[in-house]
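Asks: Before I ask anything, here is the structure I am working with.
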Protein chains: 2
Amino acid sequence: MTRKIDIYDSTLRDGAQAQGISYSVEDKIKIVERLDDLGVRYIEAGNPGSNPKDLEFFTRVSALKLNSARIIAFGSTRKVGIPVAQDSNVQSLLKAGTDAIAIFGKSWDYQVSHILRTSLEENLAMVGDTIRYLKQQGKEVVFDAEHFFDGYKANPDYALQVLSAAADAGADCLCLCDTNGGAFPQEIFDITAQVAGRFSAAIGIHCHNDGEVAVANSLMAVQAGATHVQGTINGIGERCGNANLCSIIPNLQLKLGFECIPPERMVHLTSTARFVSEIANMPHSEKAPYVGNDAFAHKGGMHIDAVQKNPISYEHINPEQVGNSRRILMSEVAGRSTLLARINAIEPALTKDSPETQKVVDRLKELEHEGYQFETAESSFELVVRKLLGKYQPFFELKEFKVIVNEPSVNGVNSSAMIKISVGDQEEITAAEGDGPVNALDNAVRKALERFYPAIKEIKLTDYKVRVLDSDKASAAKVRVLIESTDHREYWTTIGVSTDVIDASYRALVDAIEYKLVREQERQA
Amino acid sequence: MTRKIDIYDSTLRDGAQAQGISYSVEDKIKIVERLDDLGVRYIEAGNPGSNPKDLEFFTRVSALKLNSARIIAFGSTRKVGIPVAQDSNVQSLLKAGTDAIAIFGKSWDYQVSHILRTSLEENLAMVGDTIRYLKQQGKEVVFDAEHFFDGYKANPDYALQVLSAAADAGADCLCLCDTNGGAFPQEIFDITAQVAGRFSAAIGIHCHNDGEVAVANSLMAVQAGATHVQGTINGIGERCGNANLCSIIPNLQLKLGFECIPPERMVHLTSTARFVSEIANMPHSEKAPYVGNDAFAHKGGMHIDAVQKNPISYEHINPEQVGNSRRILMSEVAGRSTLLARINAIEPALTKDSPETQKVVDRLKELEHEGYQFETAESSFELVVRKLLGKYQPFFELKEFKVIVNEPSVNGVNSSAMIKISVGDQEEITAAEGDGPVNALDNAVRKALERFYPAIKEIKLTDYKVRVLDSDKASAAKVRVLIESTDHREYWTTIGVSTDVIDASYRALVDAIEYKLVREQERQA
């Protein structure tokens with residue numbers, strides 16, 4: 001029989017401790033909806049005692065209809081020497097109005113004496129009183145035993161007394177936390193196994209990634225008897241991050257025979273991970289296991305040939321199981337058969353030995369030498385191939401542009417762009433202003449072209465990245481601009497390289513427009 | 001007694017399979033020198049059979065005087081049906097002229113039959129013949145048993161026969177590879193323990209990170225008896241990367257009692273990791289365990305207070321052991337005591353309750369709301385505090401600038417900038433050209449200021465990053481520019497935020513210059 005694991009997501013609470021993360025209430029609501037859609041059991045959503053913004057969130061979230069997730073308010077035990085009913089943090093937790101609450105308390109004697117600076121007995125009372133009080137209010141209670149593994153290694157008796165205090169008070173789950181992230185898989189297994197037999201409450205695990213073993217530690221705890229796993233989407237969190245649920249969930253469910261989320265939701269994993277990166281405004285890790293762009297990307301020629309013979313050669317699962325996909329990368333070492341597959345999508349008749357194939361290989365090398373990389377900018381690559389194969393009619397010709405940036409700005413506008421293009425034998429000269437030179441030029445190009453190609457109006461630029469290629473050349477360095485666009489049917493990425501950020505942006509913008517126009521031609525054909 | 005572990009670095013070979021990586025010969029030489037300096041035992045530096053550029057590298061590297069590292073040329077066994085002395089790959093390996101060679105061969109019966117498409121016997125002969133031949137030439141030989149764990153799970157007898165063929169032919173090390181990266185810690189332990197007792201050759205481990213457990217798998221293999229660990233700096237490598245030596249080395253050496261590198265070299269770990277990121281032109285992961293900027297960064301107010309009481313509260317090791325450092329982050333949740341420490345570095349007399357402290361808090365919130373983040377740009381933060389506290393004399397005043405970008409370019413130059421500034425009662429108006437508008441403006445600012453402040457000549461801009469803050473606003477989005485500068489004594493990072501990439505760059509440039517001038521004043525004081 002498949003063992004069920006309760007997944008407890010803390011992207012909104014412990015994840016918010018990460019550098020650079022700051023969610024609006026609206027952001028948090030959107031993430032709750034996606035997590036519920038993925039099928040996690042618990043969503044730890046905030047600490048109403050330490051952050052007043054969180055109370056507004058809890059009011060709004062209580063109006064949502066969730067499928068399966070329970071919202072958790074998180075906070076500490078009552079303070080030293082304060083009766084629990086008068087403790088302001090505990091009262092804030094109740095005000096959040098959730099059915100379930102997580103309470104953290106110390107389980108390492110050293111921390112009790114030196115950080116909390118109270119007696120070991122008072123700490124036990126703080127844990128017991130708080131949980132008993134919350135149970136009396138009808139709450140489901142998760143107890144997070146902070147520094148549990150360090151505590152157990154230092155003083156196992158006391159660490160177990162803390163768990164007993166929580167269990168006797170009625171805690172529904174005893175979660176063992178490796179707060180400093182320094183424990184190792186074998187000791188996590190051994191200690192969890194010691195604990196798992198003693199209590200009727202569920203045993204949970206909460207790991208941090210300071211030794212780069214948080215995922216392994218979480219798996220080992222489950223193999224030792226834990227049934228509740230805490231972590232965050234993409235592993236975001238303080239320092240090196242929390243245990244990454246995007247790896248834990250598929251590891252447990254697709255490969256180790258546990259059930260974490262409803263099986264039909266597993267295909268939402270990659271899109272959920274990308275959504276959270278976007279909301280958190282962090283670049284989505286390309287290398288992320290299961291959910292990264294490169295997780296099933298193949299570059300070495302030999303690997304590609306083997307994967308094309310049979311994916312099991314270099315893939316541990318089928319990428320579609322988690323909503324990701326296989327990618328065969330364009331690059332010098334990719335080998336001609338890979339390139340040919342791309343070329344054949346445009347011109348099926350060509351073979352490995354066609355002179356046109358050689359032309360593409362040569363042009364690719366030239367462009368890579370200039371700093372282009374088509375591994376992500378597949379739409380620009382398609383345009384390069386089309387141009388070489390004569391499968392491309394120029395949509396317009398650039399005659400000239402001039403961009404001017406003024407400081408101080410004139411009437412609130414600091415950038416303007418003039419552009420002159422021709423379409424067939426018609427010329428168009430126009431100008432536009434903008435917030436910055438790239439925006440001014442973008443506006444001017446669209447304005448000049450829209451009367452010829454109204455479909456351009458559908459294009460929305462969704463991401464704009466700039467990478468300095470040779471940073472030792474300082475501000476004269478070559479830059480690579482990547483632009484992601486959408487027309488709400490498709491997303492595509494285009495590239496421009498230049499020593500001039502405006503020129504590089506212009507090239508990527510033009511590719512984005514031309515790619516859209518090529519697709520429109522195809523749709524009409 | 002401390003058990004010695006041979007660290008085998010493949011940053012230059014398997015690492016080069018990662019998306020976006022392409023090393024020049026010069027890059028590779030520099031990385032070899034740094035790895036030798038760190039004290040690794042083996043450096044797998046290239047595959048001379050598949051990449052002709054690598055032969056030039058092997059010629060150059062043989063002239064280097066290395067302290068402890070042995071260079072490894074990597075390649076496959078002889079091909080099916082080809083006598084080993086006539087196999088071109090094997091001959092390329094010898095041409096590389098290294099004392100040690102790594103050979104990979106298949107150990108999964110399925111791969112032999114379906115990918116290699118030969119008999120199980122011929123595969124054993126290919127492994128044995130190749131190793132025997134290389135041993136006859138006096139080489140140290142490492143045998144990489146590809147897909148060993150998948151192979152052992154499918155057909156343990158055959159997987160062990162492959163290892164025996166290699167051992168009987170004289171292989172010095174049998175390296176067990178989890179090529180697809182799908183194995184788990186417990187099974188890696190069990191299988192490695194089965195193998196470790198059987199052979200007199202050293203047992204090695206080579207893991208990939210597709211399940212996010214490569215570091216844990218490597219540790220478990222060592223705990224089961226492996227004494228040779230393969231991986232890459234920063235875990236770079238195909239798909240989700242290789243096992244990360246920057247985590248494995250300190251985990252084994254600082255916490256599990258093994259010796260991987262000379263103890264006094266451990267402090268070079270962070271700088272080596274950053275150096276490789278720089279050469280590989282990849283952003284250095286902020287969250288990387290041990291060597292990332294955030295690995296010992298503290299943001300939550302409660303955590304910061306505890307860390308200031310005693311670092312053991314939220315740090316698993318002392319960051320200085322690996323050449324990293326503790327960082328207390330500036331942000332809304334950092335709490336006033338953190339902020340105060342920074343303020344006191346500039347003005348020791350202020351307290352938590354000084355009105356000036358409140359002014360800094362308010363200004364920080366305002367700037368964060370505009371999109372500034374001082375968590376990385378600590379030098380700009382220092383300037384903000386100085387300005388608020390009156391600890392800052394403006395060095396110059398900007399009157400006006402105008403930047404013009406032309407396409408097509410005029411006489412090969414596409415950007416020019418005019419700038420007018422004043423220093424005291426003297427005005428300076430000047431202009432400069434550049435490769436792109438940021439470079440033109442940078443050149444113009446420096447040109448205008450250098451006659452007043454010659455120290456500016458020492459500033460070198462070493463990195464330039466652009467981040468789009470609200471990508472849904474397309475090309476009108478706000479951008480955040482981070483500039484890293486050095487004067488070869490110190491590195492500093494400054495920030496500018498604006499909807500205009502030129503304006504944001506200008507602000508960060510000016511902060512970079514002013515920070516340098518503040519430091520110069522201090523040095524002269």
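Within each chain, counting starts at residue 1; across the structure tokens, chains are named A, B, ... in the order shown, with ligands numbered 1 upward in that order.
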Write down, as a PyMOL selection string, each residue of chain B that has any atom within 6 Å of an atom of chain A, counting only C-alpha atoms.
Replies: chain B and resi 180+182+210-211+213+216+239-240+287-289+294-297+314-316+400-407+435-436+439+461-463+466+471-472+474-476+499-500
Asks: Excluding Glu427 in chain B and its own-chain neighbours fewer than 4 positions away, which residues fall within 10 Å of it when counting only C-alpha atoms? Please give them as a PDB file with N, CA and C atoms, in the first residue's frame.
Replies:
```
ATOM      1  N   PHE B 396      30.775  66.590  -6.565  1.00  0.00           N
ATOM      2  CA  PHE B 396      30.485  67.362  -7.780  1.00  0.00           C
ATOM      3  C   PHE B 396      28.973  67.449  -7.939  1.00  0.00           C
ATOM      4  N   GLU B 397      28.553  68.319  -8.841  1.00  0.00           N
ATOM      5  CA  GLU B 397      27.130  68.428  -9.124  1.00  0.00           C
ATOM      6  C   GLU B 397      26.906  68.205 -10.607  1.00  0.00           C
ATOM      7  N   LEU B 398      25.913  67.374 -10.923  1.00  0.00           N
ATOM      8  CA  LEU B 398      25.570  67.166 -12.336  1.00  0.00           C
ATOM      9  C   LEU B 398      24.677  68.307 -12.798  1.00  0.00           C
ATOM     10  N   LYS B 399      25.068  68.962 -13.887  1.00  0.00           N
ATOM     11  CA  LYS B 399      24.203  69.997 -14.450  1.00  0.00           C
ATOM     12  C   LYS B 399      23.309  69.389 -15.527  1.00  0.00           C
ATOM     13  N   LYS B 420      27.887  68.005 -18.411  1.00  0.00           N
ATOM     14  CA  LYS B 420      28.295  69.258 -17.788  1.00  0.00           C
ATOM     15  C   LYS B 420      28.180  69.077 -16.285  1.00  0.00           C
ATOM     16  N   ILE B 421      29.291  69.303 -15.575  1.00  0.00           N
ATOM     17  CA  ILE B 421      29.286  69.158 -14.119  1.00  0.00           C
ATOM     18  C   ILE B 421      29.943  70.391 -13.506  1.00  0.00           C
ATOM     19  N   SER B 422      29.756  70.518 -12.188  1.00  0.00           N
ATOM     20  CA  SER B 422      30.534  71.558 -11.506  1.00  0.00           C
ATOM     21  C   SER B 422      31.163  70.974 -10.246  1.00  0.00           C
ATOM     22  N   VAL B 423      32.366  71.466  -9.947  1.00  0.00           N
ATOM     23  CA  VAL B 423      33.059  71.110  -8.707  1.00  0.00           C
ATOM     24  C   VAL B 423      33.374  72.436  -8.030  1.00  0.00           C
ATOM     25  N   ALA B 448      35.284  64.174 -17.294  1.00  0.00           N
ATOM     26  CA  ALA B 448      34.953  65.454 -16.665  1.00  0.00           C
ATOM     27  C   ALA B 448      35.541  65.562 -15.253  1.00  0.00           C
TER      28      ALA B 448
END
```
Asks: Pick out the residues sitting within 7 Å of Gly225 in chain A, and hand them over as an MDAnalysis selection string; count only C-alpha atoms, and ignore anything fewer than 2 positions along from it in its own chain.
Replies: chainID A and resid 193 196 221:223 227
Asks: Which residues in range 206-352 of chain B does DSSP call helix (DSSP H, G or I)? List them as a VMD selection string.
Replies: chain B and resid 214 to 223 233 to 235 245 to 255 263 to 279 301 to 309 311 to 313 319 to 322 332 to 334 336 to 346
Asks: Restricted to C-alpha atoms, what would the selected residues look like written as a PDB file, in the first residue's frame?
Replies:
```pdb
ATOM      1  CA  ALA B 214      24.275  14.279  -5.523  1.00  0.00           C
ATOM      2  CA  VAL B 215      26.144  15.657  -2.518  1.00  0.00           C
ATOM      3  CA  ALA B 216      24.385  13.272  -0.117  1.00  0.00           C
ATOM      4  CA  ASN B 217      25.021  10.352  -2.480  1.00  0.00           C
ATOM      5  CA  SER B 218      28.731  11.190  -2.593  1.00  0.00           C
ATOM      6  CA  LEU B 219      28.921  11.380   1.205  1.00  0.00           C
ATOM      7  CA  MET B 220      27.095   8.080   1.624  1.00  0.00           C
ATOM      8  CA  ALA B 221      29.472   6.391  -0.837  1.00  0.00           C
ATOM      9  CA  VAL B 222      32.451   7.618   1.189  1.00  0.00           C
ATOM     10  CA  GLN B 223      30.799   6.386   4.378  1.00  0.00           C
ATOM     11  CA  ILE B 233      33.337  23.328  -8.610  1.00  0.00           C
ATOM     12  CA  ASN B 234      29.897  24.869  -7.992  1.00  0.00           C
ATOM     13  CA  GLY B 235      28.358  21.626  -9.219  1.00  0.00           C
ATOM     14  CA  LEU B 245      32.811  19.694  -4.645  1.00  0.00           C
ATOM     15  CA  CYS B 246      32.321  23.031  -2.879  1.00  0.00           C
ATOM     16  CA  SER B 247      29.856  21.288  -0.564  1.00  0.00           C
ATOM     17  CA  ILE B 248      31.394  17.808  -0.530  1.00  0.00           C
ATOM     18  CA  ILE B 249      34.879  18.953   0.513  1.00  0.00           C
ATOM     19  CA  PRO B 250      33.844  20.937   3.623  1.00  0.00           C
ATOM     20  CA  ASN B 251      31.125  18.422   4.563  1.00  0.00           C
ATOM     21  CA  LEU B 252      33.695  15.614   4.577  1.00  0.00           C
ATOM     22  CA  GLN B 253      36.603  17.538   5.992  1.00  0.00           C
ATOM     23  CA  LEU B 254      35.109  19.984   8.484  1.00  0.00           C
ATOM     24  CA  LYS B 255      32.277  17.816   9.754  1.00  0.00           C
ATOM     25  CA  PRO B 263      43.684  21.836   5.883  1.00  0.00           C
ATOM     26  CA  GLU B 264      45.342  25.239   5.404  1.00  0.00           C
ATOM     27  CA  ARG B 265      43.875  25.470   1.874  1.00  0.00           C
ATOM     28  CA  MET B 266      40.246  25.253   3.024  1.00  0.00           C
ATOM     29  CA  VAL B 267      40.091  29.060   3.308  1.00  0.00           C
ATOM     30  CA  HIS B 268      40.565  29.228  -0.482  1.00  0.00           C
ATOM     31  CA  LEU B 269      37.300  27.419  -1.126  1.00  0.00           C
ATOM     32  CA  THR B 270      35.037  30.462  -1.507  1.00  0.00           C
ATOM     33  CA  SER B 271      37.458  32.418  -3.680  1.00  0.00           C
ATOM     34  CA  THR B 272      38.036  29.377  -5.917  1.00  0.00           C
ATOM     35  CA  ALA B 273      34.292  28.923  -6.339  1.00  0.00           C
ATOM     36  CA  ARG B 274      33.810  32.583  -7.259  1.00  0.00           C
ATOM     37  CA  PHE B 275      36.783  32.499  -9.615  1.00  0.00           C
ATOM     38  CA  VAL B 276      35.332  29.552 -11.525  1.00  0.00           C
ATOM     39  CA  SER B 277      31.942  31.269 -11.803  1.00  0.00           C
ATOM     40  CA  GLU B 278      33.662  34.310 -13.188  1.00  0.00           C
ATOM     41  CA  ILE B 279      35.730  32.396 -15.756  1.00  0.00           C
ATOM     42  CA  GLY B 301      15.270  40.093  13.128  1.00  0.00           C
ATOM     43  CA  MET B 302      15.068  37.245  15.652  1.00  0.00           C
ATOM     44  CA  HIS B 303      17.739  35.209  13.885  1.00  0.00           C
ATOM     45  CA  ILE B 304      20.031  38.215  13.752  1.00  0.00           C
ATOM     46  CA  ASP B 305      19.704  38.855  17.466  1.00  0.00           C
ATOM     47  CA  ALA B 306      20.488  35.210  18.222  1.00  0.00           C
ATOM     48  CA  VAL B 307      23.460  35.121  15.817  1.00  0.00           C
ATOM     49  CA  GLN B 308      24.821  38.224  17.468  1.00  0.00           C
ATOM     50  CA  LYS B 309      24.507  36.513  20.859  1.00  0.00           C
ATOM     51  CA  PRO B 311      26.746  32.350  15.929  1.00  0.00           C
ATOM     52  CA  ILE B 312      26.156  28.656  16.690  1.00  0.00           C
ATOM     53  CA  SER B 313      22.436  29.539  16.911  1.00  0.00           C
ATOM     54  CA  PRO B 319      32.147  31.013   7.699  1.00  0.00           C
ATOM     55  CA  GLU B 320      35.820  31.987   7.951  1.00  0.00           C
ATOM     56  CA  GLN B 321      36.817  28.317   7.795  1.00  0.00           C
ATOM     57  CA  VAL B 322      35.912  28.295   4.098  1.00  0.00           C
ATOM     58  CA  GLU B 332      12.597  45.972   6.541  1.00  0.00           C
ATOM     59  CA  VAL B 333      12.664  42.804   8.643  1.00  0.00           C
ATOM     60  CA  ALA B 334      16.322  43.096   9.628  1.00  0.00           C
ATOM     61  CA  ARG B 336      16.812  48.161  14.078  1.00  0.00           C
ATOM     62  CA  SER B 337      19.783  46.639  15.904  1.00  0.00           C
ATOM     63  CA  THR B 338      21.277  45.475  12.608  1.00  0.00           C
ATOM     64  CA  LEU B 339      20.787  48.815  11.009  1.00  0.00           C
ATOM     65  CA  LEU B 340      22.322  50.450  14.034  1.00  0.00           C
ATOM     66  CA  ALA B 341      25.509  48.405  13.691  1.00  0.00           C
ATOM     67  CA  ARG B 342      25.924  49.782  10.177  1.00  0.00           C
ATOM     68  CA  ILE B 343      25.106  53.315  11.211  1.00  0.00           C
ATOM     69  CA  ASN B 344      27.554  53.102  14.111  1.00  0.00           C
ATOM     70  CA  ALA B 345      30.352  52.202  11.721  1.00  0.00           C
ATOM     71  CA  ILE B 346      29.884  55.722  10.344  1.00  0.00           C
TER      72      ILE B 346
END
```
Asks: Give me the residues near Ala201 in chain A as a PyMOL selection string, where near means some atom within 10 Å (using only C-alpha atoms) and where sequence neighbours in that chain fewer than 6 positions away do not count.
Replies: chain A and resi 142+163+166-168+170-175
Asks: Can you measure CA of Gln521 in chain A to CA of Lys391 in chain A for me? One decimal in Å is fine.
Replies: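 Atom-to-atom, CA of Gln521 in chain A and CA of Lys391 in chain A are spaced 11.8 Å apart.
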Asks: Point out the residue among A:Ala512, A:Cys260, A:Ile188, A:Ala154 with the least atom-to-atom distance to Val40 in chain A, counting only C-alpha atoms.
Replies: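 Nearest candidate to Val40 in chain A out of A:Ala512, A:Cys260, A:Ile188, A:Ala154: A:Cys260.
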Asks: How far is it from CA of Ala73 in chain B to CA of Ala85 in chain B, in Å with one decimal?
Replies: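 A separation of 17.2 Å between them.
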Asks: One number please: CA of Leu364 in chain A to CA of Ala349 in chain A, in Å, one decimal.
Replies: 20.1 Å
